[in-house]
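Asks: This structure is in structure tokens; I'll ask about it shortly.
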Amino acid sequence: MYQMDKPILIMEGITKEFPGVKALDGVDFELYPGEVHALMGENGAGKSTLMKILSGVYQHTAGKILLNEEEVTLNNPTVAQELGISIIHQEFNLFPNLSAAENIFIDRKEIISASGKINWSRMNAEAKALTESIGADIDVRREVQYLGVHSQQVIEIAKALSFNAKILIMDEPSAALPEDEVQKMFDVVKQLRNNGVAIVYVSHRMNEIFKIADKVTVLRDGGKVSTNKITETTEDQLISEMVGKEVGDLYPDKTKRIFNESVLNVNDFDITSKHKVSFSLRRGEILGFFGLVGSGTHTLAERIFGLKKGKGTVEINGKSILIKNPKDAMKQGIAYLPPDRHRQGLVKESSIRENMTLPILKRISNGLIIDKKAEQVINEEYIEKLSIKTPSQNQVVNLLSGGNQQKVVLAKWLTTKPDILIMEEPTRGVDVGAKAEIYRLINELSLSGLSIILISTEMPELIGMSDRILVMNEGNIVNEFKNGEADQQKLLKEASNSIDKMVV
Amino acid sequence: MANIFKRREAPIILFTIVLFCIFSLISSNFLKPDNLGLILTQITTTGLISIGMLMVILFGGIDLSVGSVLAVVATVVGMLVNAGINPFVAALIGMVVGAICGAFNGLFIAWFNIPEIITTLATMFIFRGIAVAISGGEWVTNFPDSFNFFSQGKIIGIPVPIALFATGAIMFGYILSQTRFGRRVYAIGGNKEAAKLAGMSTRKTKFLVYISSGMLTSVAAVIYASQVGSIQASTAGSGIEFTVIAAVLVGGASIFGGVGTMLGTAFGVLLMGMIKNGLVLTQASVYWVDATTGFILILAIIINTVQRSRNLASREGDLV
Amino acid sequence: SNQGGATETPSEGDTGGDAASTSKSFFINPKSIGPAYWAAAEKGVKQAGEDLGVEVVFNAPSTTDSAQQINMIQDMLTRQVNGVGVAPNDPEAVAPVFSNALSQDVQVVTWDSDAPDTDRKYYIGAATDAELGEQFAEMIANQIGGSGKVAFMVASLSAQNQTAKVDAATAYLEANHPDVEVVTTVSSDDDQQKAYENAQNLISTYPDLKGLVGFAGAEAPAAAQAVEEAVNAGNIEQGKIKIAGFAVPSLVKEYLENGTIEEMVTWDPSKLGYTTVYTLNLLTDGEDVEDGMEIPNVGSIKVNGDIILTGTDVLTKDNVADFGF
Amino acid sequence: MNLVKEEVNTRLKRLPSIKINTISILVILLAGLLIFFSTQSPYFLTTLNITNVLVQVTTIGLIAIPMTYVIISGAMDLSVGSILGLSAVTLGFLYESGTNIWVSVVLALVVGALAGALNGLLIARYKMQAIVVTIGTLVMLRGLVYIITKGKPISGYPDSFYFLGQGKVLGIPFSVIVMMALFSIAYILIKKTRIGRYTYALGNNEEAVRYSGINVVKVRFLTFVMSGLFAGIAAIFYVSRYASAQASAGDGIELDVITAVLIGGTHIFGGRGSLVGTFLGVLIIGTLRNGLNLMGVSVLFQTVILGVLILVAVSRQNK
Ligand SMILES: Nc1ncnc2c1ncn2[C@@H]1O[C@H](COP(=O)(O)OP(=O)(O)OP(=O)(O)O)[C@@H](O)[C@H]1O
Ligand SMILES: Nc1ncnc2c1ncn2[C@@H]1O[C@H](COP(=O)(O)OP(=O)(O)OP(=O)(O)O)[C@@H](O)[C@H]1O
Ligand SMILES: [Mg+2]
Ligand SMILES: [Mg+2]
């Protein structure tokens, strides 16, 4: 059916210019049937742009694309789909108001019967079959807005699969998925590869690349740096190719840390009316939380920060405090870095300056008037401290790369001078260079006495950063791992075991 | 059964029924078949316009110009029938005129990317001026009897206005819920970017919706002219956009687009018509009519909101 | 500078363009622009401008909005017109701008709708609101045989000239026809469809309704249309519901002819317009109107103190064809 | 990384220039109107007429101030005209029934603010769609006005009260001074204070503001209270200027106000806009009306011209 030794796709000298920007500069890229080809690079390196060209969303300004040795013009997404190229975009592209099945088959001729009517039963059945083939169990008639993030990701994947694609592009498909779902997705990817589908896999997660990819291509500043067999390269080599220089250890040394006084005590604290948790956080400690989707880590964070209503008090520095809203939490020195910087973290059309001081405007106002000077000083301080790359503090955050955007959110919360910082997915979608910097920062902060709750679904990050890791499962804390005790298998096992077998 | 209550239209349908019962209790005349027929006839113009408005709102847009389009078409059709043109031919020409008005809106919105509310605010003024200019400021009236068909005629025993509205509602209800074009309208309203990535032409779809909306409004205009019997271009249909928008939104549509159904809209229209009729029938003091109408509207909105938050609360996710 | 086209009237085709520019100019201000009633009035205004060789500007806001109307009067005072004729949307609110006009030696009259507590020199109407209200009341009472239920239909619940007529009619019925019961008053807000639906709803609400009284131009045709439909549908008998009040002849012609309406009160708005310009012209020449004076195109007028009345007509199927509006 | 910098720089240059453009286009437009009308009418460019225009725009101007806030914050208030009517007749009703005029004024303002609070409560607290809610209150409050007045205008106020709408200070109408002062205060508030920051941020990304620990309900609530209060202020000047509180006062004014705000460059979907722009938008509408009136152009053509102006002036506001 296909020939493994002949490239199904050749992209030659692809150049893409946006007004004032050269996003891609003469990139060559080859793809063979039955391979998983990873694409890596820093934020803004051009990965998504290259893939959008391949899927007909953007048109290249120079270069050519050969499919099965024939030159093709991919001038819109439908053409690409008809040629067997389908893509899972980096950002979700779902219709929240439509059902899962409709999302998968939106605007497709296949589900229209001769009379022009949509064949609902066929569509729902096929959608169900597709999602089940990925090992997911979702109600395909349900509107997507009522589904959770991982179901949404499943739909994206199912949608891409529904085309019977010969080339499948996955642009950071794992960014929003917890570890166990990633596993399921990998099973699907492998199955597809065995069926001869060529897969482009874009990710910032190094461990995934080594687990799934056959080849890896690195882009830097819009140009191609290298293409290697995965067996012939190493993590360090990839990192230095991506960043353009050597990067030291990603994670700081955590061996010689001792903690005494506890800052935050949580006793029988309601996550929901049915679920209560207890734990304590000590000064300068990085306390990791691991849990799969629905485990309650996110709700816990929002409850402590007062974003979700509920009963129950926490004890801060020995005093019992009732937190009704974020203001109460901030008064107690709590800050919360939310998981989704686009939706929850940033006012993207405002400047860095305005974003950074949003939570502390009251503090830096003289009466009603904002003290511009003070604001600028604070901005300068944090832009430097966090080495945010920007020409000026008046830069609109929309124009920053993901890593720098994330640093702005972090800076925003550091300006509140918190004692306790809750961070959720602090490096989601952030490239390795920026990641290293963020880790360095987190570590420095904890050394200077800041107590940190680190909620993450990225296990290497948790293991590398945390002094202790608590695992949550179905709204309960099921286990605790001290520094050095945890590994990925153990974490996953605790997090995914059925609850009734657990003894706390 | 449980499923019925989960439907988005459930609250508005229930609310309409409750109000229906209340009016029936207060006024013995309300339940009479004649009166029920009256309500149905009276809602046909707003009803037909609401169909187009529903589609526009599904896109996340809004159309403020419908009243002025109605005036243009009613004036043109009225003058044509008075000039001796066959009423059906005149009505068809009216639909062409309506389609042109819709295309004009669509052009600015879909091709020049000017937000709906701005385009239609402008065309609301412009079309009204055109209508008055065409009429020369005169009343268009004294239509030939043959024109009465559109208000008093019957098709298989059903009054023509009701038949037209029902046909429109069923046809577009079907198109919206069962065809590719209809689902595109929902998709674009739900997520424009995703719709583009899925290869849909948002422009073409929008353009078509505005043309359909113009044509639906022109059918309403023909009924209007025939019912009212005289057209004053400067006032005909002015302010109708508020009633229509209110009906669509009360019917469960979201102003942010993507959400709303023909069934809900039909009930929204019915509710609005019933309030108007019911408040006269219950002999409420004339000074209280507006206040009561507004209050009932707000009540309906509140009920819709409660339903929406109940749905959201059932969202799957992180131990909500 | 003649961009106004349709409404500015520099006496097109007049004998001396120069004369027009050096002579007087008047601002004639209806309640709003657009409604055909005012369009009819405009004809008389223009005609008078032409006949008298004066410049007339006929303009108003597009809705019956008192604030915008006053702004417009103010603008025309800036333009230094010699006289203004106003049909006020709010009779109280025009007081300041009228005294302002007077202080600039601008002659002020009201027409169609009065503002008695202001500095206006004259009010020009077909008849006083009280007289009209009583005339309507008498007409409906007669038609229904002196007893039964009637409903009032007005264009606005807040317009002085409507409420004054309603009050007079109500009082007249109470005094002279105690068996006539006014069941309700409904307002169309100048919207024909609403007037039509109001009429339908009234017929449906009061099965024993005997009369509908229209107080403004859009009401009677809407009432007649609804009654005719109800008769055609067999819901009521022909002639059971009578219609009285004010009507524009051309709008009710077919209903008079087919018997849905027997008689109505009417007056020609263009005569009001003509008289307004004529009066302002006299006033600015230092002259005055006199009772019984003949005005060309209008006929003889009645002057009663500061009120000028042009008179009303009773419209029947026999004379409806004679009216040119 | 150079690439990013370069792009950032070109973007940077473009961004502020967009802002300047909006304002400068409006200034050019206004200047163009002034020049055009002064060639068309000798009465146009007189102190008297300019004063007239300024007085005439006070109602729209006063309401356009909070409307700018409301629209920037990503919402909409269609009920302002009805609130104006309600405040106006409240004032009239209270005074007529023997309340001291200044007490009546204060209570009328309170009623305006309360009506705004009702909108605010439903929209901010209970998260209902602003357009829908304010269509509801538009109808309901106007109805309330008719209940209070039974349709009759209420007039006859003490002379001291007429000073507000008709008096002058140093030759400048008092109402104009108040409008300018409120525009200035509102300008400072939106440019230099927290409230302004929150307003813009709310229109851009409400979630992010909430996650920043800011009480978004309170902020949004306040914009609606402010909207009601300013409609009340406009009502006071309205009654004082026209010496009458009529049931139809302010009917349909929301369209004028929104038109002015949109012409002023405020983004219909929120997040962007300015009070300077709104002020210019108000002046442009006022000048256009006045100039066309002086030329004797029928309002029917005036509205067509306004329609075309909206398309031309606001067409740059791409989504
Ligand atoms: N729509 C656009 N308009 C202008 N420039 C763009 C656009 N999209 C991308 N770019 C430019 O292209 C460059 C590459 O962006 P791209 O999104 O491909 O990066 P990426 O490698 O996918 O990054 P990430 O890891 O953050 O997803 C960016 O630096 C930006 O300058
Ligand atoms: N429309 C655009 N115009 C100009 N530059 C853009 C545009 N869209 C993206 N960019 C640039 O592309 C780069 C990466 O963009 P992209 O949106 O892929 O990033 P990201 O911030 O890394 O997001 P994520 O967290 O999803 O990975 C940024 O430097 C951004 O400035
Ligand atoms: Mg990308
Ligand atoms: Mg990215």
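Following the order of the structure tokens, chains are lettered A, B, ..., residues in each are numbered from 1, and ligands are numbered from 1.
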Could you list, as a ChimeraX atom specification, every residue within 8 Å of Asn142 of chain B, counting only C-alpha atoms and ignoring same-chain residues fewer than 5 positions away?

Replies: /B:82,229-230 /C:250-251,253-254

Asks: Select, as a ChimeraX atom specification, those residues of chain A with any atom no more than 10 Å from chain B (distances computed using only C-alpha atoms).

Replies: /A:52,55-57,76-81,87,89,91-98,102-103,105-109,111-113,115-120,143-151,271-272,275,292-300,308,474-475

Asks: Using only C-alpha atoms, can you tell me which of A:Asp25, A:Asp270, A:Glu458, A:Asp139 comes closest to chain D?

Replies: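 Of all the options, A:Asp25 lies closest to chain D.
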
Asks: Quick one: pick out all helix (DSSP H, G or I) residues within segment 173-253 of chain A from a backbone DSSP run and write them as an MDAnalysis selection string.

Replies: chainID A and resid 179:194 206:212 230:232 235:243

Asks: Using only C-alpha atoms and all ligand atoms, find each protein or nucleic acid residue lying at most 10 Å from ligand 3; present the set as a list in words.

Replies: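 For ligand 3, the residues inside 10 Å are Met40, Gly41, Glu42, Asn43, Gly44, Ala45, Gly46, Lys47, Ser48, Thr49, Leu50, Met51, Lys52, His89, Gln90, Glu91, Asp171, Glu172, Val202, Ser203, His204, Ser401, Gly402, Gly429 and Val430 of chain A.
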
Asks: Would you output that residue set with C-alpha atoms, as a PDB file, in the first residue's frame?

Replies:
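Here's the written file out39.pdb:
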```pdb
ATOM      1  CA  MET A  40      10.860  20.802  18.409  1.00  0.00           C
ATOM      2  CA  GLY A  41      11.958  24.328  19.043  1.00  0.00           C
ATOM      3  CA  GLU A  42      11.568  27.249  21.364  1.00  0.00           C
ATOM      4  CA  ASN A  43       8.407  29.266  21.544  1.00  0.00           C
ATOM      5  CA  GLY A  44       8.127  31.200  18.333  1.00  0.00           C
ATOM      6  CA  ALA A  45      10.617  29.032  16.454  1.00  0.00           C
ATOM      7  CA  GLY A  46       8.070  28.503  13.703  1.00  0.00           C
ATOM      8  CA  LYS A  47       6.703  25.034  14.402  1.00  0.00           C
ATOM      9  CA  SER A  48       3.063  25.947  14.316  1.00  0.00           C
ATOM     10  CA  THR A  49       3.572  28.143  11.285  1.00  0.00           C
ATOM     11  CA  LEU A  50       5.185  25.305   9.333  1.00  0.00           C
ATOM     12  CA  MET A  51       2.361  22.997  10.264  1.00  0.00           C
ATOM     13  CA  LYS A  52      -0.274  25.552   9.398  1.00  0.00           C
ATOM     14  CA  HIS A  89      -4.116  22.537  16.192  1.00  0.00           C
ATOM     15  CA  GLN A  90      -2.167  23.798  19.146  1.00  0.00           C
ATOM     16  CA  GLU A  91      -5.132  25.772  20.388  1.00  0.00           C
ATOM     17  CA  ASP A 171       0.658  20.408  17.458  1.00  0.00           C
ATOM     18  CA  GLU A 172       1.267  20.138  21.202  1.00  0.00           C
ATOM     19  CA  VAL A 202       5.059  18.899  18.037  1.00  0.00           C
ATOM     20  CA  SER A 203       5.840  19.066  21.729  1.00  0.00           C
ATOM     21  CA  HIS A 204       7.914  20.789  24.361  1.00  0.00           C
ATOM     22  CA  SER A 401       6.226  34.488  23.281  1.00  0.00           C
ATOM     23  CA  GLY A 402       4.564  31.931  25.511  1.00  0.00           C
ATOM     24  CA  GLY A 429       3.380  25.097  26.583  1.00  0.00           C
ATOM     25  CA  VAL A 430       6.603  26.811  27.510  1.00  0.00           C
TER      26      VAL A 430
END
```

Asks: Show me, as a ChimeraX atom specification, every residue of chain C with an atom at most 9 Å from chain B, counting only C-alpha atoms.

Replies: /C:33-40,62-63,157,183-187,190-193,195-198,200-202,204-207,218,221-222,225-226,229,232-233,235,250-254

Asks: Please find the residues of chain C near chain D - the criterion being any atom within 9 Å, counting only C-alpha atoms - and write them as JSON, numbers by chain.

Replies: {"C": [1, 2, 3, 4, 5, 6, 7, 8, 9, 33, 34, 57, 58, 59, 60, 61, 62, 63, 64, 65, 66, 67, 68, 70, 71, 72, 74, 75, 76, 78, 79, 80, 90, 91, 92, 93, 94, 95, 96, 97, 156, 157, 158, 159, 160, 163]}

Asks: Applying 12 Å and only C-alpha atoms, which residues near Ile17 of chain B remain after dropping the ones on its own chain fewer than 4 positions away? List them as an NGL selection string.

Replies: :B and (10-13 or 21-24 or 267-268 or 270-271 or 274-275)

Asks: With a distance threshold of 8 Å and counting only C-alpha atoms, extract the residues of chain D near chain B and express them as a VMD selection string.

Replies: chain D and resid 127 to 129 131 to 133 135 to 144 146 to 147 150 262 268 300 to 301 303 to 311 314 to 319

Asks: With N, CA and C atoms retained, export the selected residues as a JSON list (two decimals), in the first residue's frame.

Replies:
```
[["chain", "number", "residue", "atom", "x", "y", "z"],
["D", 127, "LYS", "N", -25.09, 37.67, 36.26],
["D", 127, "LYS", "CA", -24.48, 37.29, 34.98],
["D", 127, "LYS", "C", -25.47, 37.16, 33.83],
["D", 128, "MET", "N", -26.44, 38.05, 33.80],
["D", 128, "MET", "CA", -27.37, 38.02, 32.67],
["D", 128, "MET", "C", -26.83, 38.90, 31.56],
["D", 129, "GLN", "N", -27.29, 38.61, 30.35],
["D", 129, "GLN", "CA", -26.79, 39.36, 29.21],
["D", 129, "GLN", "C", -27.24, 40.82, 29.27],
["D", 131, "ILE", "N", -27.51, 43.29, 27.13],
["D", 131, "ILE", "CA", -28.45, 43.82, 26.15],
["D", 131, "ILE", "C", -29.87, 43.38, 26.49],
["D", 132, "VAL", "N", -30.00, 42.12, 26.84],
["D", 132, "VAL", "CA", -31.34, 41.61, 27.13],
["D", 132, "VAL", "C", -31.93, 42.29, 28.36],
["D", 133, "VAL", "N", -31.13, 42.33, 29.42],
["D", 133, "VAL", "CA", -31.62, 42.93, 30.65],
["D", 133, "VAL", "C", -32.03, 44.37, 30.42],
["D", 135, "ILE", "N", -32.87, 45.86, 27.67],
["D", 135, "ILE", "CA", -34.11, 46.00, 26.87],
["D", 135, "ILE", "C", -35.30, 45.84, 27.81],
["D", 136, "GLY", "N", -35.20, 44.87, 28.71],
["D", 136, "GLY", "CA", -36.27, 44.66, 29.69],
["D", 136, "GLY", "C", -36.50, 45.88, 30.55],
["D", 137, "THR", "N", -35.42, 46.43, 31.11],
["D", 137, "THR", "CA", -35.62, 47.59, 31.98],
["D", 137, "THR", "C", -36.02, 48.83, 31.18],
["D", 138, "LEU", "N", -35.56, 48.88, 29.93],
["D", 138, "LEU", "CA", -36.00, 49.98, 29.07],
["D", 138, "LEU", "C", -37.52, 50.03, 29.00],
["D", 139, "VAL", "N", -38.11, 48.88, 28.75],
["D", 139, "VAL", "CA", -39.57, 48.83, 28.64],
["D", 139, "VAL", "C", -40.22, 49.06, 30.00],
["D", 140, "MET", "N", -39.68, 48.40, 31.01],
["D", 140, "MET", "CA", -40.30, 48.43, 32.32],
["D", 140, "MET", "C", -40.25, 49.84, 32.94],
["D", 141, "LEU", "N", -39.07, 50.46, 32.90],
["D", 141, "LEU", "CA", -38.94, 51.77, 33.55],
["D", 141, "LEU", "C", -39.75, 52.83, 32.81],
["D", 142, "ARG", "N", -39.79, 52.72, 31.48],
["D", 142, "ARG", "CA", -40.62, 53.67, 30.74],
["D", 142, "ARG", "C", -42.08, 53.50, 31.17],
["D", 143, "GLY", "N", -42.47, 52.27, 31.37],
["D", 143, "GLY", "CA", -43.83, 52.02, 31.84],
["D", 143, "GLY", "C", -44.08, 52.68, 33.19],
["D", 144, "LEU", "N", -43.08, 52.57, 34.05],
["D", 144, "LEU", "CA", -43.17, 53.17, 35.38],
["D", 144, "LEU", "C", -43.37, 54.68, 35.27],
["D", 146, "TYR", "N", -44.89, 56.25, 32.94],
["D", 146, "TYR", "CA", -46.28, 56.53, 32.59],
["D", 146, "TYR", "C", -47.20, 56.32, 33.79],
["D", 147, "ILE", "N", -46.87, 55.36, 34.61],
["D", 147, "ILE", "CA", -47.68, 55.15, 35.81],
["D", 147, "ILE", "C", -47.60, 56.37, 36.70],
["D", 150, "LYS", "N", -49.14, 59.55, 34.51],
["D", 150, "LYS", "CA", -50.37, 59.37, 33.74],
["D", 150, "LYS", "C", -50.29, 60.18, 32.45],
["D", 262, "LEU", "N", -19.65, 55.15, 19.61],
["D", 262, "LEU", "CA", -19.02, 54.35, 18.55],
["D", 262, "LEU", "C", -18.25, 55.23, 17.57],
["D", 268, "ILE", "N", -17.00, 48.22, 19.97],
["D", 268, "ILE", "CA", -18.31, 47.71, 20.38],
["D", 268, "ILE", "C", -18.17, 46.45, 21.24],
["D", 300, "LEU", "N", -34.93, 63.89, 7.57],
["D", 300, "LEU", "CA", -34.87, 62.58, 6.91],
["D", 300, "LEU", "C", -33.54, 62.42, 6.20],
["D", 301, "PHE", "N", -33.09, 63.51, 5.60],
["D", 301, "PHE", "CA", -31.77, 63.43, 4.96],
["D", 301, "PHE", "C", -30.67, 63.46, 6.01],
["D", 303, "THR", "N", -30.72, 61.98, 8.86],
["D", 303, "THR", "CA", -30.47, 60.64, 9.40],
["D", 303, "THR", "C", -29.71, 59.79, 8.39],
["D", 304, "VAL", "N", -30.01, 60.00, 7.10],
["D", 304, "VAL", "CA", -29.24, 59.26, 6.09],
["D", 304, "VAL", "C", -27.77, 59.66, 6.16],
["D", 305, "ILE", "N", -27.54, 60.97, 6.28],
["D", 305, "ILE", "CA", -26.16, 61.44, 6.37],
["D", 305, "ILE", "C", -25.48, 60.85, 7.61],
["D", 306, "LEU", "N", -26.23, 60.83, 8.73],
["D", 306, "LEU", "CA", -25.67, 60.24, 9.95],
["D", 306, "LEU", "C", -25.33, 58.78, 9.72],
["D", 307, "GLY", "N", -26.22, 58.07, 9.04],
["D", 307, "GLY", "CA", -25.97, 56.66, 8.75],
["D", 307, "GLY", "C", -24.69, 56.47, 7.95],
["D", 308, "VAL", "N", -24.54, 57.27, 6.92],
["D", 308, "VAL", "CA", -23.34, 57.16, 6.10],
["D", 308, "VAL", "C", -22.10, 57.50, 6.92],
["D", 309, "LEU", "N", -22.25, 58.54, 7.76],
["D", 309, "LEU", "CA", -21.13, 58.93, 8.60],
["D", 309, "LEU", "C", -20.69, 57.77, 9.51],
["D", 310, "ILE", "N", -21.67, 57.07, 10.07],
["D", 310, "ILE", "CA", -21.33, 55.94, 10.94],
["D", 310, "ILE", "C", -20.53, 54.91, 10.14],
["D", 311, "LEU", "N", -21.03, 54.59, 8.97],
["D", 311, "LEU", "CA", -20.33, 53.58, 8.15],
["D", 311, "LEU", "C", -18.91, 54.03, 7.85],
["D", 314, "VAL", "N", -16.77, 54.65, 11.43],
["D", 314, "VAL", "CA", -16.56, 53.53, 12.33],
["D", 314, "VAL", "C", -16.09, 52.29, 11.58],
["D", 315, "SER", "N", -16.02, 52.40, 10.26],
["D", 315, "SER", "CA", -15.75, 51.20, 9.48],
["D", 315, "SER", "C", -14.36, 50.63, 9.76],
["D", 316, "ARG", "N", -13.50, 51.45, 10.32],
["D", 316, "ARG", "CA", -12.16, 50.92, 10.60],
["D", 316, "ARG", "C", -12.16, 49.95, 11.77],
["D", 317, "GLN", "N", -13.30, 49.93, 12.47],
["D", 317, "GLN", "CA", -13.35, 49.10, 13.68],
["D", 317, "GLN", "C", -13.54, 47.64, 13.34],
["D", 318, "ASN", "N", -12.57, 47.06, 12.70],
["D", 318, "ASN", "CA", -12.71, 45.65, 12.33],
["D", 318, "ASN", "C", -12.72, 44.79, 13.57],
["D", 319, "LYS", "N", -13.34, 43.64, 13.41],
["D", 319, "LYS", "CA", -13.45, 42.75, 14.55],
["D", 319, "LYS", "C", -12.12, 42.14, 14.93]]
```

Asks: Quick check: residues of chain A within 6 Å of chain D, only C-alpha atoms, returned as a list of chain:residue names.

Replies: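 That gives the following set of residues: A:Gly20, A:Val21, A:Pro326, A:Lys327, A:Gln344, A:Gly345, A:Leu346, A:Val347, A:Pro359, A:Leu368, A:Ile369, A:Ile370.
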
Asks: Please indicate the distance in Å from atom CA of Lys417 of chain A to atom CA of Asn317 of chain A, rounded to one decimal place.

Replies: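 Separation between atom CA of Lys417 of chain A and atom CA of Asn317 of chain A: 16.1 Å.
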
Asks: Do you have the atom CA of Ala335 of chain A-atom CA of Met423 of chain A distance handy?

Replies: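 Between atom CA of Ala335 of chain A and atom CA of Met423 of chain A the gap works out to 8.3 Å.
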
Asks: What's the 8 Å shell around Gly273 of chain D, counting only C-alpha atoms, without same-chain residues fewer than 3 positions away, as a ChimeraX atom specification?

Replies: /D:68,72,264-267,270,277

Asks: Create the file for the chosen residues now, containing all heavy atoms and written as a PDB file, in the first residue's frame.

Replies:
```
ATOM      1  N   THR D  68     -19.484  55.085  27.735  1.00  0.00           N
ATOM      2  CA  THR D  68     -18.140  54.728  27.282  1.00  0.00           C
ATOM      3  C   THR D  68     -17.541  53.688  28.222  1.00  0.00           C
ATOM      4  O   THR D  68     -16.973  52.689  27.783  1.00  0.00           O
ATOM      5  CB  THR D  68     -17.254  55.989  27.249  1.00  0.00           C
ATOM      6  OG1 THR D  68     -17.916  56.987  26.479  1.00  0.00           O
ATOM      7  CG2 THR D  68     -15.906  55.684  26.625  1.00  0.00           C
ATOM      8  N   ILE D  72     -16.705  49.945  27.060  1.00  0.00           N
ATOM      9  CA  ILE D  72     -15.313  49.496  27.191  1.00  0.00           C
ATOM     10  C   ILE D  72     -15.247  48.240  28.064  1.00  0.00           C
ATOM     11  O   ILE D  72     -14.492  47.315  27.795  1.00  0.00           O
ATOM     12  CB  ILE D  72     -14.416  50.615  27.772  1.00  0.00           C
ATOM     13  CG1 ILE D  72     -14.188  51.698  26.725  1.00  0.00           C
ATOM     14  CG2 ILE D  72     -13.071  50.043  28.242  1.00  0.00           C
ATOM     15  CD1 ILE D  72     -13.379  52.875  27.202  1.00  0.00           C
ATOM     16  N   GLY D 264     -16.888  57.820  18.327  1.00  0.00           N
ATOM     17  CA  GLY D 264     -15.705  58.209  19.085  1.00  0.00           C
ATOM     18  C   GLY D 264     -14.635  57.134  19.142  1.00  0.00           C
ATOM     19  O   GLY D 264     -13.608  57.314  19.794  1.00  0.00           O
ATOM     20  N   GLY D 265     -14.853  56.014  18.494  1.00  0.00           N
ATOM     21  CA  GLY D 265     -13.794  55.020  18.368  1.00  0.00           C
ATOM     22  C   GLY D 265     -13.812  53.934  19.437  1.00  0.00           C
ATOM     23  O   GLY D 265     -12.920  53.097  19.476  1.00  0.00           O
ATOM     24  N   THR D 266     -14.790  53.963  20.310  1.00  0.00           N
ATOM     25  CA  THR D 266     -14.854  52.892  21.302  1.00  0.00           C
ATOM     26  C   THR D 266     -15.307  51.604  20.619  1.00  0.00           C
ATOM     27  O   THR D 266     -16.190  51.616  19.774  1.00  0.00           O
ATOM     28  CB  THR D 266     -15.815  53.281  22.434  1.00  0.00           C
ATOM     29  OG1 THR D 266     -15.245  54.385  23.131  1.00  0.00           O
ATOM     30  CG2 THR D 266     -16.016  52.129  23.398  1.00  0.00           C
ATOM     31  N   HIS D 267     -14.627  50.532  21.019  1.00  0.00           N
ATOM     32  CA  HIS D 267     -14.864  49.260  20.367  1.00  0.00           C
ATOM     33  C   HIS D 267     -16.141  48.641  20.881  1.00  0.00           C
ATOM     34  O   HIS D 267     -16.328  48.531  22.084  1.00  0.00           O
ATOM     35  CB  HIS D 267     -13.683  48.336  20.687  1.00  0.00           C
ATOM     36  CG  HIS D 267     -13.167  47.653  19.481  1.00  0.00           C
ATOM     37  ND1 HIS D 267     -13.629  46.436  19.082  1.00  0.00           N
ATOM     38  CD2 HIS D 267     -12.238  48.039  18.585  1.00  0.00           C
ATOM     39  CE1 HIS D 267     -12.975  46.089  17.978  1.00  0.00           C
ATOM     40  NE2 HIS D 267     -12.133  47.046  17.651  1.00  0.00           N
ATOM     41  N   GLY D 270     -15.822  45.961  23.407  1.00  0.00           N
ATOM     42  CA  GLY D 270     -15.154  46.258  24.664  1.00  0.00           C
ATOM     43  C   GLY D 270     -13.646  46.252  24.585  1.00  0.00           C
ATOM     44  O   GLY D 270     -13.050  45.880  23.579  1.00  0.00           O
ATOM     45  N   GLY D 277     -12.361  60.487  22.561  1.00  0.00           N
ATOM     46  CA  GLY D 277     -13.073  60.086  21.356  1.00  0.00           C
ATOM     47  C   GLY D 277     -14.569  60.284  21.506  1.00  0.00           C
ATOM     48  O   GLY D 277     -15.232  60.836  20.622  1.00  0.00           O
TER      49      GLY D 277
END
```
